[in-house]
$ cat model.txt   # compact mmCIF, C-alpha atoms and all ligand atoms
# COMPACT_ATOMS: atom_id res chain seq x y z
CA MET U 250 -18.46 -11.97 4.89
CA LYS U 251 -17.46 -10.07 8.01
CA ASN U 252 -18.89 -6.81 9.23
CA ASN U 253 -16.74 -3.72 9.64
CA ASP U 254 -16.14 -4.07 13.39
CA SER U 255 -15.05 -7.67 13.20
CA ILE U 256 -12.67 -6.86 10.32
CA LEU U 257 -11.05 -4.16 12.48
CA ASN U 258 -10.94 -6.42 15.54
CA ASN U 259 -9.28 -9.21 13.56
CA PHE U 260 -6.66 -6.81 12.28
CA LEU U 261 -5.97 -5.46 15.78
CA LEU U 262 -5.76 -9.01 17.17
CA ASN U 263 -3.08 -10.40 14.86
CA GLY U 264 -2.80 -8.31 11.64
CA PHE U 265 -5.01 -10.90 9.83
CA ASP U 266 -2.82 -13.83 10.98
CA LEU U 267 0.24 -12.02 9.62
CA LYS U 268 2.91 -13.87 11.63
CA GLU U 269 1.45 -17.29 10.79
CA HIS U 270 1.35 -16.35 7.11
CA LEU U 271 5.00 -15.21 7.15
CA ILE U 272 6.18 -18.39 8.89
CA GLU U 273 4.54 -20.56 6.26
CA PHE U 274 5.20 -18.43 3.17
CA LEU U 275 8.86 -17.47 3.62
CA PRO U 276 9.30 -20.05 5.24
CA ILE U 277 11.01 -19.20 8.51
CA GLU U 278 11.40 -20.97 11.84
CA PRO U 279 8.86 -19.54 14.30
CA SER U 280 11.64 -18.87 16.86
CA LYS U 281 13.51 -16.68 14.32
CA LEU U 282 10.58 -14.58 13.16
CA ASP U 283 10.66 -11.84 15.80
CA ILE U 284 14.35 -11.04 15.27
CA PHE U 285 13.85 -11.14 11.48
CA LEU U 286 11.10 -8.54 11.89
CA GLU U 287 13.11 -6.43 14.35
CA ASN U 288 16.04 -6.11 11.92
CA ALA U 289 13.88 -5.52 8.86
CA LYS U 290 13.88 -1.71 8.69
CA MET U 291 17.66 -1.41 9.03
CA GLU U 292 18.31 -4.21 6.54
CA LEU U 293 16.04 -2.62 3.94
CA ALA U 294 17.77 0.76 4.32
CA ASN U 295 21.16 -0.99 4.01
CA LEU U 296 20.15 -2.44 0.64
CA HIS U 297 19.83 1.07 -0.81
CA PRO U 298 23.01 2.92 -1.92
CA GLY U 299 21.59 6.20 -0.51
CA ASP U 300 21.91 8.12 -3.80
CA ASN U 301 20.26 8.10 -7.24
CA SER U 302 22.51 5.36 -8.65
CA VAL U 303 19.74 2.79 -8.45
CA ASP U 304 16.51 3.02 -10.42
CA SER U 305 13.48 2.94 -8.08
CA SER U 306 11.69 0.28 -10.19
CA ASP U 307 14.77 -1.99 -9.98
CA PHE U 308 14.95 -1.38 -6.23
CA TYR U 309 11.35 -2.39 -5.52
CA GLU U 310 11.12 -5.07 -8.22
CA GLU U 311 14.46 -6.84 -7.81
CA ILE U 312 16.77 -5.69 -5.04
CA VAL U 313 14.51 -5.74 -1.98
CA GLY U 314 13.92 -9.53 -2.05
CA ASP U 315 11.94 -10.51 1.05
CA LYS U 316 13.38 -7.57 3.06
CA HIS U 317 10.59 -5.22 2.08
CA LEU U 318 7.97 -7.77 3.02
CA ALA U 319 9.58 -8.09 6.45
CA ASP U 320 9.88 -4.31 6.84
CA LEU U 321 6.20 -3.81 6.01
CA ALA U 322 5.12 -6.67 8.29
CA ALA U 323 7.09 -5.24 11.21
CA TRP U 324 5.59 -1.82 10.62
CA HIS U 325 1.98 -3.10 10.38
CA LEU U 326 2.39 -5.13 13.57
CA THR U 327 3.98 -2.31 15.59
CA SER U 328 1.73 0.49 14.26
CA LYS U 329 -1.59 -1.32 14.51
CA ASP U 330 -3.50 1.67 15.85
CA TYR U 331 -2.49 3.91 12.96
CA ILE U 332 -3.09 1.20 10.34
CA SER U 333 -6.48 0.35 11.86
CA LYS U 334 -7.53 3.98 11.36
CA THR U 335 -6.60 3.74 7.67
CA LEU U 336 -8.76 0.59 7.51
CA LYS U 337 -11.58 2.55 9.12
CA LEU U 338 -11.15 5.21 6.44
CA GLN U 339 -11.40 2.54 3.74
CA GLN U 340 -14.61 1.31 5.36
CA LYS U 341 -16.02 4.81 5.01
CA PHE U 342 -15.10 5.25 1.34
CA SER U 343 -14.25 1.98 -0.46
CA LYS U 344 -16.88 0.51 -2.72
CA ASN U 345 -17.40 -1.68 -5.82
CA LEU U 346 -14.20 -1.90 -7.93
CA VAL U 347 -11.14 -1.00 -5.85
CA LEU U 348 -7.59 -0.38 -7.06
CA ASP U 349 -4.92 -0.90 -4.39
CA PHE U 350 -1.76 0.57 -5.92
CA GLY U 351 1.52 -0.54 -4.29
CA GLY U 352 -0.41 -2.87 -1.98
CA GLY U 353 2.64 -4.32 -0.16
CA ILE U 354 1.73 -7.12 2.28
CA GLY U 355 -1.96 -6.67 1.54
CA THR U 356 -3.48 -5.45 4.81
CA HIS U 357 -5.66 -2.86 3.05
CA ALA U 358 -6.48 -5.01 0.03
CA LEU U 359 -7.47 -7.98 2.21
CA ALA U 360 -9.65 -5.79 4.44
CA ASN U 361 -11.36 -4.39 1.35
CA ALA U 362 -11.88 -7.90 -0.02
CA MET U 363 -13.62 -8.82 3.27
CA SER U 364 -15.99 -5.84 2.99
CA ASN U 365 -19.58 -6.22 1.79
CA ASN U 366 -19.32 -2.85 0.02
CA VAL U 367 -16.52 -4.02 -2.25
CA GLU U 368 -17.16 -6.07 -5.37
CA HIS U 369 -13.53 -6.73 -6.35
CA VAL U 370 -10.02 -5.62 -5.42
CA PHE U 371 -7.34 -5.13 -8.09
CA PHE U 372 -4.01 -5.44 -6.28
CA VAL U 373 -1.17 -3.80 -8.18
CA ASP U 374 2.41 -4.09 -6.98
CA ILE U 375 5.67 -4.05 -8.91
CA ASN U 376 7.15 -6.66 -6.57
CA LYS U 377 6.36 -10.31 -7.35
CA THR U 378 7.15 -11.55 -3.83
CA ASN U 379 4.55 -9.13 -2.46
CA ARG U 380 1.96 -10.21 -5.06
CA ASP U 381 2.59 -13.90 -4.33
CA PHE U 382 2.44 -13.32 -0.55
CA VAL U 383 -0.90 -11.51 -0.73
CA ASP U 384 -2.28 -14.16 -3.10
CA PHE U 385 -1.24 -16.78 -0.50
CA ARG U 386 -2.83 -14.73 2.31
CA ALA U 387 -6.08 -14.20 0.36
CA LYS U 388 -6.44 -17.98 -0.02
CA LYS U 389 -5.71 -18.54 3.69
CA LEU U 390 -8.32 -15.94 4.64
CA GLY U 391 -10.91 -17.24 2.15
CA VAL U 392 -11.23 -14.04 0.09
CA GLU U 393 -9.32 -15.19 -3.01
CA LYS U 394 -12.38 -14.85 -5.28
CA LYS U 395 -12.53 -11.11 -4.59
CA ILE U 396 -8.94 -10.15 -5.36
CA THR U 397 -6.66 -10.40 -8.40
CA PHE U 398 -3.00 -9.48 -8.84
CA PHE U 399 -1.15 -7.32 -11.35
CA LYS U 400 2.20 -5.65 -11.91
CA SER U 401 0.72 -2.50 -13.46
CA ILE U 402 -2.63 -0.70 -13.71
CA ASP U 403 -2.73 -1.29 -17.49
CA GLU U 404 -2.76 -5.07 -16.94
CA THR U 405 -6.05 -4.84 -14.99
CA ASN U 406 -7.95 -3.79 -18.14
CA ILE U 407 -10.29 -1.74 -15.94
CA LYS U 408 -11.18 1.68 -17.35
CA GLN U 409 -12.87 3.12 -14.25
CA PHE U 410 -12.31 2.26 -10.60
CA ASP U 411 -14.77 3.32 -7.88
CA SER U 412 -12.10 3.62 -5.17
CA ILE U 413 -8.33 3.82 -5.02
CA THR U 414 -6.09 3.07 -2.06
CA CYS U 415 -2.47 4.21 -2.45
CA LEU U 416 -0.80 4.39 0.94
CA ASP U 417 2.89 5.01 1.58
CA VAL U 418 3.76 4.54 -2.08
CA LEU U 419 3.95 8.00 -3.72
CA GLU U 420 7.24 8.91 -2.01
CA HIS U 421 8.79 5.80 -3.57
CA LEU U 422 8.03 6.81 -7.17
CA PRO U 423 10.37 8.85 -9.39
CA ASP U 424 7.47 11.12 -10.44
CA PRO U 425 4.50 10.96 -8.04
CA SER U 426 2.67 13.74 -9.95
CA SER U 427 2.31 11.58 -13.05
CA GLN U 428 1.01 8.72 -10.88
CA ILE U 429 -1.85 10.81 -9.46
CA ASP U 430 -2.56 12.04 -13.00
CA ILE U 431 -2.99 8.38 -14.00
CA PHE U 432 -5.25 7.82 -10.97
CA GLY U 433 -7.43 10.72 -12.16
CA SER U 434 -7.73 9.10 -15.59
CA VAL U 435 -9.00 5.77 -14.16
CA MET U 436 -11.38 7.15 -11.49
CA SER U 437 -15.13 7.09 -12.09
CA LYS U 438 -17.04 10.36 -11.58
CA ASP U 439 -17.81 9.60 -7.91
CA ALA U 440 -14.63 7.69 -7.09
CA ILE U 441 -12.61 8.45 -3.99
CA ALA U 442 -8.83 8.06 -3.80
CA LEU U 443 -7.20 7.54 -0.39
CA LEU U 444 -3.65 8.88 -0.55
CA ASN U 445 -0.77 9.65 1.76
CA TRP U 446 2.90 10.46 1.27
CA TYR U 447 6.09 11.11 3.22
CA PHE U 448 8.54 13.07 1.07
CA TYR U 449 11.32 12.85 3.62
CA LYS U 450 14.44 10.69 3.98
CA GLY U 451 14.14 10.65 7.78
CA GLU U 452 15.86 12.31 10.73
CA ASN U 453 18.70 9.77 10.57
CA TYR U 454 18.40 8.91 6.87
CA GLU U 455 16.35 5.81 7.71
CA TYR U 456 14.40 6.18 4.42
CA PRO U 457 17.12 6.73 1.78
CA PHE U 458 14.70 5.46 -0.88
CA HIS U 459 12.10 8.25 -0.30
CA ILE U 460 11.85 11.09 -2.83
CA ASP U 461 12.43 14.55 -1.27
CA ASP U 462 13.45 16.66 -4.27
CA ASP U 463 11.76 20.11 -4.05
CA GLU U 464 10.95 20.31 -7.74
CA ILE U 465 9.33 16.86 -7.80
CA VAL U 466 7.37 17.57 -4.62
CA ASN U 467 6.19 20.98 -5.90
CA ARG U 468 5.01 19.37 -9.13
CA PHE U 469 3.13 16.75 -7.09
CA PHE U 470 1.23 19.34 -5.02
CA THR U 471 0.51 21.43 -8.14
CA VAL U 472 -1.14 18.48 -9.90
CA LEU U 473 -2.93 17.41 -6.70
CA GLN U 474 -4.42 20.88 -6.21
CA ASP U 475 -5.25 21.33 -9.91
CA LYS U 476 -7.02 18.06 -10.44
CA PHE U 477 -8.42 16.87 -7.09
CA ILE U 478 -10.56 18.19 -4.26
CA GLU U 479 -10.18 16.94 -0.71
CA ILE U 480 -13.13 15.35 1.08
CA PHE U 481 -13.14 15.97 4.82
CA HIS U 482 -12.98 12.99 7.15
CA PRO U 483 -12.79 13.13 10.94
CA LEU U 484 -9.99 10.61 11.52
CA LEU U 485 -6.81 12.22 12.85
CA ILE U 486 -4.37 10.59 10.43
CA THR U 487 -2.17 11.75 7.55
CA THR U 488 -4.14 9.83 4.92
CA ARG U 489 -6.40 12.10 2.85
CA ALA U 490 -9.51 11.40 0.74
CA TYR U 491 -9.91 12.99 -2.71
CA LYS U 492 -12.39 13.15 -5.56
CA LYS U 493 -11.67 14.46 -9.04
CA LYS U 494 -12.43 18.09 -9.82
CA ILE U 495 -15.03 18.10 -12.59
C1 LIG J 1 6.07 1.26 1.56
S1 LIG J 1 5.25 0.07 0.64
C2 LIG J 1 3.56 0.39 1.05
C3 LIG J 1 2.72 -0.87 1.01
C4 LIG J 1 1.26 -0.71 1.43
N1 LIG J 1 0.55 0.21 0.59
C5 LIG J 1 1.15 -0.30 2.87
O1 LIG J 1 0.52 0.72 3.16
O2 LIG J 1 1.68 -1.02 3.72
C6 LIG J 1 5.40 0.57 -1.04
C7 LIG J 1 4.91 -0.48 -2.04
O3 LIG J 1 4.88 0.10 -3.34
C8 LIG J 1 5.35 -0.88 -4.26
N2 LIG J 1 5.81 -0.15 -5.45
C9 LIG J 1 6.93 0.62 -5.58
N3 LIG J 1 7.00 1.13 -6.82
C10 LIG J 1 5.90 0.70 -7.49
C11 LIG J 1 5.41 0.89 -8.81
N4 LIG J 1 6.05 1.64 -9.71
N5 LIG J 1 4.24 0.28 -9.18
C12 LIG J 1 3.58 -0.50 -8.28
N6 LIG J 1 4.01 -0.72 -7.02
C13 LIG J 1 5.14 -0.13 -6.63
C14 LIG J 1 6.42 -1.62 -3.52
O4 LIG J 1 6.71 -2.88 -4.08
C15 LIG J 1 5.79 -1.72 -2.12
O5 LIG J 1 5.01 -2.86 -1.98
$ encode --input "model.txt" --output "structure tokens" --more "lines below"
Ligand SMILES: C[S@@+](CC[C@H](N)C(=O)[O-])C[C@H]1O[C@@H](n2cnc3c(N)ncnc32)[C@H](O)[C@@H]1O
Amino acid sequence: MKNNDSILNNFLLNGFDLKEHLIEFLPIEPSKLDIFLENAKMELANLHPGDNSVDSSDFYEEIVGDKHLADLAAWHLTSKDYISKTLKLQQKFSKNLVLDFGGGIGTHALANAMSNNVEHVFFVDINKTNRDFVDFRAKKLGVEKKITFFKSIDETNIKQFDSITCLDVLEHLPDPSSQIDIFGSVMSKDAIALLNWYFYKGENYEYPFHIDDDEIVNRFFTVLQDKFIEIFHPLLITTRAYKKKI
């Protein structure tokens, strides 16, 4: 098991062997990988009609194919400094049974699985390609015994988690307030949830799939402020730490 510094250093070095994993899993010719990653954000946005005509579950479960995986990989590789700070935040708060909701390409779940403070990671993602990719990566990185994969929180059969990571997911859900309500119902008394959100479709509409409806966003902040209390942390990032109000 690696210590915290070496986990961070390995992420900063190569995103936990992310490019190698993509080349083998997709599979893709090594010479074509960089261009595939460069085009990923635009191609993902192009898959979305830009209105409400597509259900968000269908979009993330069916339509995205491997485009979302590529988009996330490109983002984690080009924003390593930001992502490494979110990993540092996990190191401060994650312990015992961890729920990673909407875990994507698995950077946070894999880092948690490498941590001595974490007993087990429950990786939940609606997208099967993402689940299969992270399962593949966990085996490559030798942490497969500490992580299991599910499509929904109910399937985990865990009543109380000690930590929750839910990063860059809430703005993709039709009703983010009900999701944080569910988080509250599965958090142990001392559990910490690490959450962020970006309720914005982008300056140039680069994120047509993000929720930005005022009513939905107001409801989200009302539930957040009613049911959770923020825990201060000194890292200058948008991700926040919360415990339940008792
Ligand atoms: C923008 S990605 C964020 C991935 C990861 N948390 C990160 O920080 O890189 C959003 C993820 O949420 C997943 N997702 C979307 N709707 C979901 C739902 N209803 N239940 C579980 N996962 C969902 C998507 O498949 C995708 O992997």
$ residues_near_ligand --input "model.txt" --ligand "ligand LIG 1 (chain J)" --cutoff "8 Å" --atoms "all atoms listed in the file" --output "ChimeraX atom specification"
/U:305-306,309-310,317-318,321,324-325,349-357,373-376,379,400-401,414-419,421-422
$ closest_residue --input "model.txt" --among "U:Ser412, U:Ser364, U:Asn253, U:Thr405" --to "Ser333 in chain U" --atoms "only C-alpha atoms"
U:Asn253
$ closest_residue --input "model.txt" --among "U:Ile465, U:Leu271, U:Ala442, U:Ile495" --to "Asp381 in chain U" --atoms "only C-alpha atoms"
U:Leu271
$ residues_around --input "model.txt" --residues "Ile407 in chain U" --least-positions-apart "6" --cutoff "12 Å" --atoms "only C-alpha atoms" --output "VMD selection string"
chain U and resid 346 to 348 369 to 371 399 401 432 434 to 437
$ atom_distance --input "model.txt" --atom1 "CA of Ala358 in chain U" --atom2 "CA of Arg380 in chain U"
11.1 Å
$ closest_residue --input "model.txt" --among "U:Val466, U:Ala322, U:Ile478, U:Leu390" --to "Gly433 in chain U" --atoms "all atoms listed in the file"
U:Ile478
